[in-house]
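Shown next: start-v1.cif, containing mmCIF, C-alpha atoms, pLDDT in the B column; chains and numbers go by the auth columns.
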data_target
#
loop_
_atom_site.group_PDB
_atom_site.id
_atom_site.type_symbol
_atom_site.label_atom_id
_atom_site.label_comp_id
_atom_site.label_asym_id
_atom_site.label_seq_id
_atom_site.Cartn_x
_atom_site.Cartn_y
_atom_site.Cartn_z
_atom_site.B_iso_or_equiv
_atom_site.auth_seq_id
_atom_site.auth_asym_id
ATOM 1 C CA SER A 1 3.227 -97.579 -55.024 52.00 1 A
ATOM 2 C CA HIS A 2 4.851 -94.275 -55.893 46.00 2 A
ATOM 3 C CA THR A 3 1.639 -93.122 -57.592 53.00 3 A
ATOM 4 C CA ALA A 4 -0.459 -94.210 -54.609 45.00 4 A
ATOM 5 C CA HIS A 5 1.875 -92.348 -52.253 46.00 5 A
ATOM 6 C CA THR A 6 1.598 -89.199 -54.393 51.00 6 A
ATOM 7 C CA VAL A 7 -2.207 -89.467 -54.485 47.00 7 A
ATOM 8 C CA GLY A 8 -2.221 -89.896 -50.712 53.00 8 A
ATOM 9 C CA ILE A 9 -0.146 -86.743 -50.237 51.00 9 A
ATOM 10 C CA ILE A 10 -2.430 -84.758 -52.555 52.00 10 A
ATOM 11 C CA THR A 11 -5.524 -86.020 -50.731 60.00 11 A
ATOM 12 C CA SER A 12 -3.983 -85.121 -47.375 58.00 12 A
ATOM 13 C CA ASN A 13 -3.133 -81.606 -48.590 58.00 13 A
ATOM 14 C CA GLU A 14 -6.656 -81.131 -49.938 64.00 14 A
ATOM 15 C CA ALA A 15 -8.094 -82.221 -46.588 65.00 15 A
ATOM 16 C CA GLN A 16 -5.845 -79.759 -44.756 64.00 16 A
ATOM 17 C CA TYR A 17 -6.830 -76.908 -47.066 63.00 17 A
ATOM 18 C CA SER A 18 -10.511 -77.806 -46.665 73.00 18 A
ATOM 19 C CA PHE A 19 -10.157 -77.808 -42.886 73.00 19 A
ATOM 20 C CA VAL A 20 -8.397 -74.423 -42.942 71.00 20 A
ATOM 21 C CA GLY A 21 -11.077 -72.991 -45.234 76.00 21 A
ATOM 22 C CA VAL A 22 -13.896 -74.237 -42.991 81.00 22 A
ATOM 23 C CA ALA A 23 -12.106 -72.912 -39.895 78.00 23 A
ATOM 24 C CA VAL A 24 -11.587 -69.459 -41.452 77.00 24 A
ATOM 25 C CA PHE A 25 -15.201 -69.349 -42.623 82.00 25 A
ATOM 26 C CA GLY A 26 -16.534 -70.364 -39.207 84.00 26 A
ATOM 27 C CA TYR A 27 -14.263 -67.860 -37.483 80.00 27 A
ATOM 28 C CA SER A 28 -15.435 -65.014 -39.740 80.00 28 A
ATOM 29 C CA ILE A 29 -19.098 -65.964 -39.312 85.00 29 A
ATOM 30 C CA SER A 30 -18.786 -66.163 -35.518 85.00 30 A
ATOM 31 C CA ILE A 31 -17.083 -62.762 -35.293 82.00 31 A
ATOM 32 C CA SER A 32 -19.696 -61.145 -37.562 81.00 32 A
ATOM 33 C CA ILE A 33 -22.663 -62.663 -35.715 85.00 33 A
ATOM 34 C CA GLY A 34 -21.099 -61.753 -32.356 84.00 34 A
ATOM 35 C CA GLY A 35 -20.694 -58.133 -33.499 82.00 35 A
ATOM 36 C CA ILE A 36 -24.319 -57.982 -34.672 83.00 36 A
ATOM 37 C CA LEU A 37 -25.629 -59.417 -31.384 86.00 37 A
ATOM 38 C CA ALA A 38 -23.457 -57.078 -29.307 84.00 38 A
ATOM 39 C CA SER A 39 -24.536 -54.067 -31.362 83.00 39 A
ATOM 40 C CA ARG A 40 -28.219 -54.998 -31.115 87.00 40 A
ATOM 41 C CA CYS A 41 -27.999 -55.521 -27.354 88.00 41 A
ATOM 42 C CA LEU A 42 -26.185 -52.232 -26.786 86.00 42 A
ATOM 43 C CA HIS A 43 -28.530 -50.299 -29.099 87.00 43 A
ATOM 44 C CA ASN A 44 -31.677 -51.651 -27.446 90.00 44 A
ATOM 45 C CA SER A 45 -30.305 -50.999 -23.966 90.00 45 A
ATOM 46 C CA MET A 46 -29.261 -47.461 -24.883 87.00 46 A
ATOM 47 C CA LEU A 47 -32.586 -46.715 -26.572 88.00 47 A
ATOM 48 C CA CYS A 48 -34.556 -47.938 -23.554 91.00 48 A
ATOM 49 C CA ASP A 49 -32.434 -45.817 -21.208 89.00 49 A
ATOM 50 C CA VAL A 50 -32.890 -42.704 -23.348 88.00 50 A
ATOM 51 C CA LEU A 51 -36.652 -43.148 -23.714 88.00 51 A
ATOM 52 C CA ARG A 52 -37.029 -43.648 -19.959 90.00 52 A
ATOM 53 C CA SER A 53 -34.849 -40.676 -19.023 88.00 53 A
ATOM 54 C CA PRO A 54 -36.467 -37.705 -17.278 89.00 54 A
ATOM 55 C CA ILE A 55 -36.927 -34.327 -18.952 86.00 55 A
ATOM 56 C CA SER A 56 -33.979 -32.912 -16.995 85.00 56 A
ATOM 57 C CA PHE A 57 -31.667 -35.319 -18.856 85.00 57 A
ATOM 58 C CA PHE A 58 -32.629 -33.829 -22.229 83.00 58 A
ATOM 59 C CA GLU A 59 -32.331 -30.296 -20.873 81.00 59 A
ATOM 60 C CA ARG A 60 -28.701 -30.727 -19.852 83.00 60 A
ATOM 61 C CA THR A 61 -27.618 -33.126 -22.641 81.00 61 A
ATOM 62 C CA PRO A 62 -27.073 -31.635 -26.122 78.00 62 A
ATOM 63 C CA SER A 63 -28.955 -33.409 -28.885 76.00 63 A
ATOM 64 C CA GLY A 64 -25.680 -33.802 -30.787 72.00 64 A
ATOM 65 C CA ASN A 65 -24.353 -36.133 -28.091 77.00 65 A
ATOM 66 C CA LEU A 66 -27.350 -38.429 -28.503 81.00 66 A
ATOM 67 C CA VAL A 67 -27.137 -38.359 -32.298 79.00 67 A
ATOM 68 C CA ASN A 68 -23.404 -39.121 -32.057 76.00 68 A
ATOM 69 C CA ARG A 69 -24.049 -42.133 -29.823 80.00 69 A
ATOM 70 C CA PHE A 70 -26.697 -43.584 -32.118 83.00 70 A
ATOM 71 C CA ALA A 71 -24.887 -42.753 -35.372 80.00 71 A
ATOM 72 C CA LYS A 72 -21.077 -42.750 -35.397 76.00 72 A
ATOM 73 C CA GLU A 73 -20.436 -44.872 -32.310 78.00 73 A
ATOM 74 C CA MET A 74 -23.027 -47.504 -33.213 83.00 74 A
ATOM 75 C CA ASP A 75 -21.482 -47.645 -36.685 81.00 75 A
ATOM 76 C CA THR A 76 -18.116 -48.277 -35.024 79.00 76 A
ATOM 77 C CA ILE A 77 -19.553 -51.223 -33.109 80.00 77 A
ATOM 78 C CA ASP A 78 -21.318 -52.556 -36.217 80.00 78 A
ATOM 79 C CA SER A 79 -18.519 -52.200 -38.755 80.00 79 A
ATOM 80 C CA VAL A 80 -15.150 -51.355 -37.236 82.00 80 A
ATOM 81 C CA ILE A 81 -14.785 -53.446 -34.073 84.00 81 A
ATOM 82 C CA PRO A 82 -15.510 -56.883 -35.684 83.00 82 A
ATOM 83 C CA SER A 83 -12.950 -56.235 -38.432 83.00 83 A
ATOM 84 C CA ILE A 84 -10.418 -55.007 -35.864 85.00 84 A
ATOM 85 C CA ILE A 85 -10.923 -58.174 -33.800 85.00 85 A
ATOM 86 C CA LYS A 86 -10.311 -60.326 -36.904 83.00 86 A
ATOM 87 C CA MET A 87 -7.198 -58.325 -37.775 84.00 87 A
ATOM 88 C CA PHE A 88 -5.951 -58.587 -34.188 86.00 88 A
ATOM 89 C CA MET A 89 -6.409 -62.354 -34.022 84.00 89 A
ATOM 90 C CA GLY A 90 -4.792 -62.841 -37.421 81.00 90 A
ATOM 91 C CA SER A 91 -1.828 -60.639 -36.566 82.00 91 A
ATOM 92 C CA MET A 92 -1.345 -62.253 -33.155 85.00 92 A
ATOM 93 C CA LEU A 93 -1.351 -65.775 -34.605 83.00 93 A
ATOM 94 C CA ASN A 94 1.044 -64.717 -37.385 81.00 94 A
ATOM 95 C CA VAL A 95 3.430 -63.209 -34.843 80.00 95 A
ATOM 96 C CA LEU A 96 3.312 -66.268 -32.587 83.00 96 A
ATOM 97 C CA GLY A 97 3.804 -68.623 -35.531 81.00 97 A
ATOM 98 C CA SER A 98 6.729 -66.582 -36.853 79.00 98 A
ATOM 99 C CA CYS A 99 8.381 -66.482 -33.419 80.00 99 A
ATOM 100 C CA VAL A 100 8.029 -70.255 -33.017 83.00 100 A
ATOM 101 C CA ILE A 101 9.532 -70.919 -36.448 80.00 101 A
ATOM 102 C CA ILE A 102 12.414 -68.507 -35.804 79.00 102 A
ATOM 103 C CA LEU A 103 13.111 -70.030 -32.381 81.00 103 A
ATOM 104 C CA ILE A 104 13.131 -73.554 -33.817 80.00 104 A
ATOM 105 C CA ALA A 105 15.506 -72.522 -36.614 77.00 105 A
ATOM 106 C CA THR A 106 17.782 -70.222 -34.594 76.00 106 A
ATOM 107 C CA PRO A 107 17.334 -70.785 -30.840 78.00 107 A
ATOM 108 C CA LEU A 108 19.725 -67.924 -30.009 77.00 108 A
ATOM 109 C CA VAL A 109 17.000 -65.461 -31.043 77.00 109 A
ATOM 110 C CA ALA A 110 15.335 -66.325 -27.720 77.00 110 A
ATOM 111 C CA ILE A 111 17.812 -63.909 -26.114 81.00 111 A
ATOM 112 C CA ILE A 112 16.629 -61.026 -28.307 82.00 112 A
ATOM 113 C CA ILE A 113 12.862 -61.571 -28.502 80.00 113 A
ATOM 114 C CA PRO A 114 12.143 -60.758 -24.799 84.00 114 A
ATOM 115 C CA VAL A 115 14.073 -57.481 -25.106 86.00 115 A
ATOM 116 C CA LEU A 116 12.144 -56.502 -28.234 84.00 116 A
ATOM 117 C CA GLY A 117 8.909 -57.619 -26.563 84.00 117 A
ATOM 118 C CA LEU A 118 9.641 -55.312 -23.632 89.00 118 A
ATOM 119 C CA LEU A 119 10.316 -52.439 -26.045 88.00 119 A
ATOM 120 C CA TYR A 120 7.049 -53.188 -27.833 85.00 120 A
ATOM 121 C CA PHE A 121 5.200 -53.241 -24.493 87.00 121 A
ATOM 122 C CA PHE A 122 6.373 -49.733 -23.569 89.00 122 A
ATOM 123 C CA VAL A 123 5.605 -48.418 -27.053 88.00 123 A
ATOM 124 C CA GLN A 124 2.049 -49.764 -27.064 86.00 124 A
ATOM 125 C CA ARG A 125 1.486 -48.620 -23.478 88.00 125 A
ATOM 126 C CA PHE A 126 2.377 -45.044 -24.437 88.00 126 A
ATOM 127 C CA TYR A 127 0.398 -45.219 -27.679 89.00 127 A
ATOM 128 C CA VAL A 128 -2.796 -46.648 -26.168 88.00 128 A
ATOM 129 C CA ALA A 129 -2.940 -43.951 -23.472 88.00 129 A
ATOM 130 C CA SER A 130 -2.386 -41.172 -26.019 88.00 130 A
ATOM 131 C CA SER A 131 -4.728 -42.640 -28.630 87.00 131 A
ATOM 132 C CA ARG A 132 -7.520 -43.081 -26.088 87.00 132 A
ATOM 133 C CA GLN A 133 -7.418 -39.408 -25.121 88.00 133 A
ATOM 134 C CA LEU A 134 -7.223 -38.281 -28.757 87.00 134 A
ATOM 135 C CA LYS A 135 -10.242 -40.422 -29.640 84.00 135 A
ATOM 136 C CA ARG A 136 -12.116 -38.920 -26.712 85.00 136 A
ATOM 137 C CA LEU A 137 -11.308 -35.388 -27.850 86.00 137 A
ATOM 138 C CA GLU A 138 -12.377 -36.247 -31.396 83.00 138 A
ATOM 139 C CA SER A 139 -15.662 -37.701 -30.135 80.00 139 A
ATOM 140 C CA VAL A 140 -16.367 -34.695 -27.901 82.00 140 A
ATOM 141 C CA SER A 141 -15.665 -32.242 -30.726 84.00 141 A
ATOM 142 C CA ARG A 142 -17.922 -34.210 -33.104 82.00 142 A
ATOM 143 C CA SER A 143 -21.045 -33.788 -30.968 80.00 143 A
ATOM 144 C CA PRO A 144 -21.329 -29.979 -31.500 85.00 144 A
ATOM 145 C CA ILE A 145 -21.393 -30.607 -35.267 87.00 145 A
ATOM 146 C CA PHE A 146 -24.513 -32.768 -34.928 83.00 146 A
ATOM 147 C CA THR A 147 -26.057 -30.310 -32.462 83.00 147 A
ATOM 148 C CA HIS A 148 -25.532 -27.323 -34.756 87.00 148 A
ATOM 149 C CA PHE A 149 -26.761 -29.233 -37.814 86.00 149 A
ATOM 150 C CA ASN A 150 -29.888 -30.387 -35.991 84.00 150 A
ATOM 151 C CA GLU A 151 -30.661 -26.884 -34.728 85.00 151 A
ATOM 152 C CA THR A 152 -30.056 -25.469 -38.224 88.00 152 A
ATOM 153 C CA LEU A 153 -32.545 -27.893 -39.766 86.00 153 A
ATOM 154 C CA LEU A 154 -35.160 -27.081 -37.130 85.00 154 A
ATOM 155 C CA GLY A 155 -34.742 -23.315 -37.618 88.00 155 A
ATOM 156 C CA THR A 156 -34.287 -23.203 -41.388 88.00 156 A
ATOM 157 C CA SER A 157 -37.285 -20.934 -41.974 88.00 157 A
ATOM 158 C CA VAL A 158 -36.124 -18.450 -39.312 88.00 158 A
ATOM 159 C CA ILE A 159 -32.559 -18.430 -40.657 88.00 159 A
ATOM 160 C CA ARG A 160 -33.797 -17.698 -44.182 89.00 160 A
ATOM 161 C CA ALA A 161 -36.181 -15.033 -42.913 88.00 161 A
ATOM 162 C CA PHE A 162 -33.327 -13.091 -41.294 89.00 162 A
ATOM 163 C CA GLY A 163 -30.814 -13.836 -44.098 87.00 163 A
ATOM 164 C CA GLU A 164 -28.320 -15.541 -41.783 87.00 164 A
ATOM 165 C CA GLN A 165 -27.426 -18.452 -44.067 89.00 165 A
ATOM 166 C CA GLU A 166 -23.766 -17.485 -44.436 91.00 166 A
ATOM 167 C CA ARG A 167 -23.252 -17.136 -40.693 90.00 167 A
ATOM 168 C CA PHE A 168 -24.615 -20.606 -40.024 91.00 168 A
ATOM 169 C CA ILE A 169 -22.560 -22.096 -42.868 90.00 169 A
ATOM 170 C CA CYS A 170 -19.402 -20.494 -41.447 93.00 170 A
ATOM 171 C CA GLU A 171 -20.274 -21.740 -37.964 91.00 171 A
ATOM 172 C CA SER A 172 -20.705 -25.284 -39.291 89.00 172 A
ATOM 173 C CA ASP A 173 -17.364 -25.070 -41.116 91.00 173 A
ATOM 174 C CA LEU A 174 -15.638 -23.848 -37.949 91.00 174 A
ATOM 175 C CA ARG A 175 -16.993 -26.753 -35.921 89.00 175 A
ATOM 176 C CA VAL A 176 -15.906 -29.246 -38.576 89.00 176 A
ATOM 177 C CA ASP A 177 -12.423 -27.679 -38.637 89.00 177 A
ATOM 178 C CA HIS A 178 -12.257 -27.913 -34.848 88.00 178 A
ATOM 179 C CA ASN A 179 -13.146 -31.599 -35.071 85.00 179 A
ATOM 180 C CA GLN A 180 -10.425 -32.176 -37.667 85.00 180 A
ATOM 181 C CA LYS A 181 -7.870 -30.568 -35.337 84.00 181 A
ATOM 182 C CA ALA A 182 -8.549 -33.412 -32.912 79.00 182 A
ATOM 183 C CA TYR A 183 -8.744 -36.069 -35.653 81.00 183 A
ATOM 184 C CA TYR A 184 -5.431 -35.241 -37.332 85.00 184 A
ATOM 185 C CA PRO A 185 -3.234 -35.953 -34.236 87.00 185 A
ATOM 186 C CA SER A 186 -4.791 -39.421 -33.966 85.00 186 A
ATOM 187 C CA ILE A 187 -3.605 -40.168 -37.516 87.00 187 A
ATOM 188 C CA VAL A 188 -0.141 -38.838 -36.624 89.00 188 A
ATOM 189 C CA ALA A 189 -0.083 -41.059 -33.520 89.00 189 A
ATOM 190 C CA ASN A 190 -1.009 -44.035 -35.697 88.00 190 A
ATOM 191 C CA ARG A 191 1.941 -43.336 -38.009 90.00 191 A
ATOM 192 C CA TRP A 192 4.190 -42.882 -34.949 91.00 192 A
ATOM 193 C CA LEU A 193 3.236 -46.373 -33.825 90.00 193 A
ATOM 194 C CA ALA A 194 3.788 -47.803 -37.307 89.00 194 A
ATOM 195 C CA VAL A 195 7.368 -46.488 -37.406 91.00 195 A
ATOM 196 C CA ARG A 196 8.170 -48.075 -34.031 88.00 196 A
ATOM 197 C CA LEU A 197 6.611 -51.392 -35.038 86.00 197 A
ATOM 198 C CA GLU A 198 8.595 -51.416 -38.271 87.00 198 A
ATOM 199 C CA PHE A 199 11.722 -50.802 -36.216 88.00 199 A
ATOM 200 C CA VAL A 200 10.973 -53.775 -33.955 84.00 200 A
ATOM 201 C CA GLY A 201 10.234 -55.970 -36.972 82.00 201 A
ATOM 202 C CA ASN A 202 13.464 -54.946 -38.697 85.00 202 A
ATOM 203 C CA CYS A 203 15.396 -55.723 -35.523 84.00 203 A
ATOM 204 C CA ILE A 204 13.957 -59.250 -35.518 81.00 204 A
ATOM 205 C CA VAL A 205 14.947 -59.708 -39.182 82.00 205 A
ATOM 206 C CA SER A 206 18.450 -58.352 -38.538 84.00 206 A
ATOM 207 C CA PHE A 207 19.119 -60.541 -35.513 81.00 207 A
ATOM 208 C CA ALA A 208 17.637 -63.629 -37.193 79.00 208 A
ATOM 209 C CA ALA A 209 19.910 -63.112 -40.207 80.00 209 A
ATOM 210 C CA LEU A 210 22.950 -62.334 -38.032 82.00 210 A
ATOM 211 C CA LEU A 211 22.511 -65.358 -35.800 78.00 211 A
ATOM 212 C CA ALA A 212 21.826 -67.564 -38.814 76.00 212 A
ATOM 213 C CA VAL A 213 25.150 -66.474 -40.327 78.00 213 A
ATOM 214 C CA MET A 214 26.938 -67.064 -37.014 79.00 214 A
ATOM 215 C CA ALA A 215 25.507 -70.594 -36.834 74.00 215 A
ATOM 216 C CA ARG A 216 25.985 -71.360 -40.535 72.00 216 A
ATOM 217 C CA GLU A 217 28.083 -74.423 -39.737 75.00 217 A
ATOM 218 C CA SER A 218 25.230 -76.175 -37.946 74.00 218 A
ATOM 219 C CA LEU A 219 22.218 -74.871 -39.935 72.00 219 A
ATOM 220 C CA SER A 220 21.109 -75.871 -43.392 75.00 220 A
ATOM 221 C CA PRO A 221 20.454 -73.119 -45.972 77.00 221 A
ATOM 222 C CA GLY A 222 16.819 -74.180 -46.166 78.00 222 A
ATOM 223 C CA ILE A 223 16.266 -73.672 -42.407 75.00 223 A
ATOM 224 C CA MET A 224 18.053 -70.305 -42.545 78.00 224 A
ATOM 225 C CA GLY A 225 15.884 -69.165 -45.463 79.00 225 A
ATOM 226 C CA LEU A 226 12.744 -70.339 -43.659 78.00 226 A
ATOM 227 C CA ALA A 227 13.652 -68.418 -40.487 76.00 227 A
ATOM 228 C CA ILE A 228 14.463 -65.197 -42.338 78.00 228 A
ATOM 229 C CA SER A 229 11.354 -65.406 -44.527 80.00 229 A
ATOM 230 C CA TYR A 230 9.167 -65.795 -41.424 76.00 230 A
ATOM 231 C CA ALA A 231 11.047 -62.961 -39.713 76.00 231 A
ATOM 232 C CA LEU A 232 10.151 -60.711 -42.658 77.00 232 A
ATOM 233 C CA GLN A 233 6.481 -61.245 -41.796 71.00 233 A
#
Give the structure from this file in structure tokens form.
Amino acid sequence: SHTAHTVGIITSNEAQYSFVGVAVFGYSISISIGGILASRCLHNSMLCDVLRSPISFFERTPSGNLVNRFAKEMDTIDSVIPSIIKMFMGSMLNVLGSCVIILIATPLVAIIIPVLGLLYFFVQRFYVASSRQLKRLESVSRSPIFTHFNETLLGTSVIRAFGEQERFICESDLRVDHNQKAYYPSIVANRWLAVRLEFVGNCIVSFAALLAVMARESLSPGIMGLAISYALQ
């Protein structure tokens, strides 16, 4: 009977792992296919709008803006957004699971989590507003690079005829440097957010450990270790 019970436990664990594997696979496939369909729909809609635009639209819109829309921003929709959605869902579920485990092990943490959640809300509210504007500046400063490069390719023979290669190379370098001036602050803002998030996470670990020590008479060491290990995540 002991052997049968052990075999039953192993079979149950294998079934759970199989279910988790199938769920993760289906989730990844659905996110990837959804990103492809969204990208295709947006690309076709944008292409139709551009091809049907009047001549005045092309006269007042730099070619670099159009190239930027069809190149960098479409690549973001194809490659970056689906992976960000998967990371977001995974992180959110990990956070919720960790909070539930910590609350079950040390219910007194329920007093601290809303305060830290409020702190996190204000941090992300400030970061999202700043990051959005920095991304917009970086996108706006990227368009002149494509415009200048496109015009340089179209006028290569004229540039060589007048010996102006160095001037155009310097102009391209200046526009790239200007774009990097807008890109660098977005990286700094990302690190700023990471420091604040680490602070919130360390506060959860500290309070979970402190409250576990305070309630050591009523908690088992295993439950305390489980709560702290989940808090570290």
Cut-off 12 Å around (-13.0, -57.8, -39.2) with only C-alpha atoms: residues as a PyMOL selection string: chain A and resi 24+27-35+76-91
Taking all listed atoms of region 202-219 of chain A, build the axis-aligned box, pad each of the six sides by 4 Å, then write its centre and edge lengths in Å to one decimal as JSON.
{"center_x": 20.8, "center_y": -65.6, "center_z": -38.0, "size_x": 22.6, "size_y": 29.2, "size_z": 13.0}
CA of Gln233 (chain A) to CA of Ser98 (chain A): how many Å, to one decimal? 7.3 Å
Apply the PyMOL selection byres ((chain A and resi 183) around 12) to the displayed file and report the matching residues as a ChimeraX atom specification. /A:131-142,176-182,184-190
List as a tab-separated table every residue of region 80-147 of chain A that is in contact with region 196-201 of chain A, defined as an atom at most 9 Å from one of its atoms (using all atoms listed in the file), together with the nearest atom pair and the distance in Å rounded to one decimal, sorted by chain and then rising number.
residue	atom	partner	partner_atom	distance
A:Leu116	CA	A:Val200	CA	6.4
A:Gly117	CA	A:Val200	CA	8.6
A:Leu119	CA	A:Val200	CA	8.0
A:Tyr120	CA	A:Val200	CA	7.3
A:Val123	CA	A:Arg196	CA	7.4
Record the distance separating CA of Asn44 (chain A) and CA of Asn65 (chain A), expressed in Å with one decimal. 17.2 Å
Quick one: which region 85-136 of chain A residues come within 9 Å of region 216-226 of chain A, and what is the nearest atom pair for each with the distance in Å to one decimal, counting all atoms listed in the file, rows ordered by chain and ascending number, as a tab-separated table?
residue	atom	partner	partner_atom	distance
A:Ile101	CA	A:Leu226	CA	7.9
A:Ile102	CA	A:Leu226	CA	8.1
A:Ala105	CA	A:Ile223	CA	6.0
A:Thr106	CA	A:Met224	CA	8.0
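Coordinates place CA of Ala38 (chain A) at a distance of 28.3 Å from CA of Asn150 (chain A).
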Using all atoms listed in the file, which residue out of A:Lys72, A:Gln165, A:Glu151, A:Ile112 lies closest to Phe207 (chain A)?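 That would be A:Ile112, the residue with the smallest distance to Phe207 (chain A).
Considering the residues A:Met46, A:Leu108, A:Ser18, A:Tyr127 and counting all atoms listed in the file, Ala215 (chain A) has its shortest atom-to-atom contact with A:Leu108.
For the set A:Cys48, A:Leu118, A:Cys41, A:Cys99, the residue with the smallest atom-to-atom gap to Ala227 (chain A) is A:Cys99, counting only C-alpha atoms.
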Determine the nearest neighbour of Arg167 (chain A) from the options A:Arg52, A:Pro107, A:Thr152, A:Ile204, counting all atoms listed in the file.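 Nearest to Arg167 (chain A): A:Thr152.
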Is it possible to dump region 28-35 of chain A as a PDB file, in the first residue's frame, including just all heavy atoms?
ATOM      1  N   SER A  28       2.149  31.160 -24.129  1.00  0.00           N
ATOM      2  CA  SER A  28       3.178  31.755 -24.978  1.00  0.00           C
ATOM      3  C   SER A  28       2.727  31.808 -26.435  1.00  0.00           C
ATOM      4  O   SER A  28       2.929  32.820 -27.123  1.00  0.00           O
ATOM      5  CB  SER A  28       4.484  30.955 -24.860  1.00  0.00           C
ATOM      6  OG  SER A  28       4.960  30.939 -23.535  1.00  0.00           O
ATOM      7  N   ILE A  29       2.097  30.718 -26.898  1.00  0.00           N
ATOM      8  CA  ILE A  29       1.611  30.697 -28.283  1.00  0.00           C
ATOM      9  C   ILE A  29       0.547  31.766 -28.504  1.00  0.00           C
ATOM     10  O   ILE A  29       0.545  32.478 -29.517  1.00  0.00           O
ATOM     11  CB  ILE A  29       1.066  29.300 -28.628  1.00  0.00           C
ATOM     12  CG1 ILE A  29       2.220  28.298 -28.757  1.00  0.00           C
ATOM     13  CG2 ILE A  29       0.262  29.344 -29.924  1.00  0.00           C
ATOM     14  CD1 ILE A  29       3.145  28.555 -29.911  1.00  0.00           C
ATOM     15  N   SER A  30      -0.383  31.896 -27.560  1.00  0.00           N
ATOM     16  CA  SER A  30      -1.464  32.879 -27.728  1.00  0.00           C
ATOM     17  C   SER A  30      -0.925  34.304 -27.742  1.00  0.00           C
ATOM     18  O   SER A  30      -1.372  35.137 -28.552  1.00  0.00           O
ATOM     19  CB  SER A  30      -2.488  32.707 -26.603  1.00  0.00           C
ATOM     20  OG  SER A  30      -1.894  32.937 -25.335  1.00  0.00           O
ATOM     21  N   ILE A  31       0.054  34.602 -26.875  1.00  0.00           N
ATOM     22  CA  ILE A  31       0.636  35.942 -26.868  1.00  0.00           C
ATOM     23  C   ILE A  31       1.364  36.211 -28.171  1.00  0.00           C
ATOM     24  O   ILE A  31       1.250  37.306 -28.770  1.00  0.00           O
ATOM     25  CB  ILE A  31       1.598  36.094 -25.672  1.00  0.00           C
ATOM     26  CG1 ILE A  31       0.821  36.097 -24.352  1.00  0.00           C
ATOM     27  CG2 ILE A  31       2.397  37.390 -25.795  1.00  0.00           C
ATOM     28  CD1 ILE A  31      -0.075  37.292 -24.148  1.00  0.00           C
ATOM     29  N   SER A  32       2.124  35.238 -28.669  1.00  0.00           N
ATOM     30  CA  SER A  32       2.890  35.425 -29.909  1.00  0.00           C
ATOM     31  C   SER A  32       1.952  35.618 -31.104  1.00  0.00           C
ATOM     32  O   SER A  32       2.151  36.522 -31.927  1.00  0.00           O
ATOM     33  CB  SER A  32       3.808  34.229 -30.139  1.00  0.00           C
ATOM     34  OG  SER A  32       4.720  34.063 -29.070  1.00  0.00           O
ATOM     35  N   ILE A  33       0.934  34.763 -31.203  1.00  0.00           N
ATOM     36  CA  ILE A  33      -0.006  34.889 -32.327  1.00  0.00           C
ATOM     37  C   ILE A  33      -0.779  36.198 -32.232  1.00  0.00           C
ATOM     38  O   ILE A  33      -1.013  36.882 -33.247  1.00  0.00           O
ATOM     39  CB  ILE A  33      -0.961  33.686 -32.342  1.00  0.00           C
ATOM     40  CG1 ILE A  33      -0.184  32.405 -32.664  1.00  0.00           C
ATOM     41  CG2 ILE A  33      -2.081  33.894 -33.359  1.00  0.00           C
ATOM     42  CD1 ILE A  33      -1.024  31.150 -32.629  1.00  0.00           C
ATOM     43  N   GLY A  34      -1.172  36.590 -31.007  1.00  0.00           N
ATOM     44  CA  GLY A  34      -1.862  37.873 -30.842  1.00  0.00           C
ATOM     45  C   GLY A  34      -0.996  39.038 -31.269  1.00  0.00           C
ATOM     46  O   GLY A  34      -1.477  39.983 -31.919  1.00  0.00           O
ATOM     47  N   GLY A  35       0.303  39.007 -30.938  1.00  0.00           N
ATOM     48  CA  GLY A  35       1.211  40.076 -31.369  1.00  0.00           C
ATOM     49  C   GLY A  35       1.357  40.127 -32.871  1.00  0.00           C
ATOM     50  O   GLY A  35       1.390  41.211 -33.479  1.00  0.00           O
TER      51      GLY A  35
END
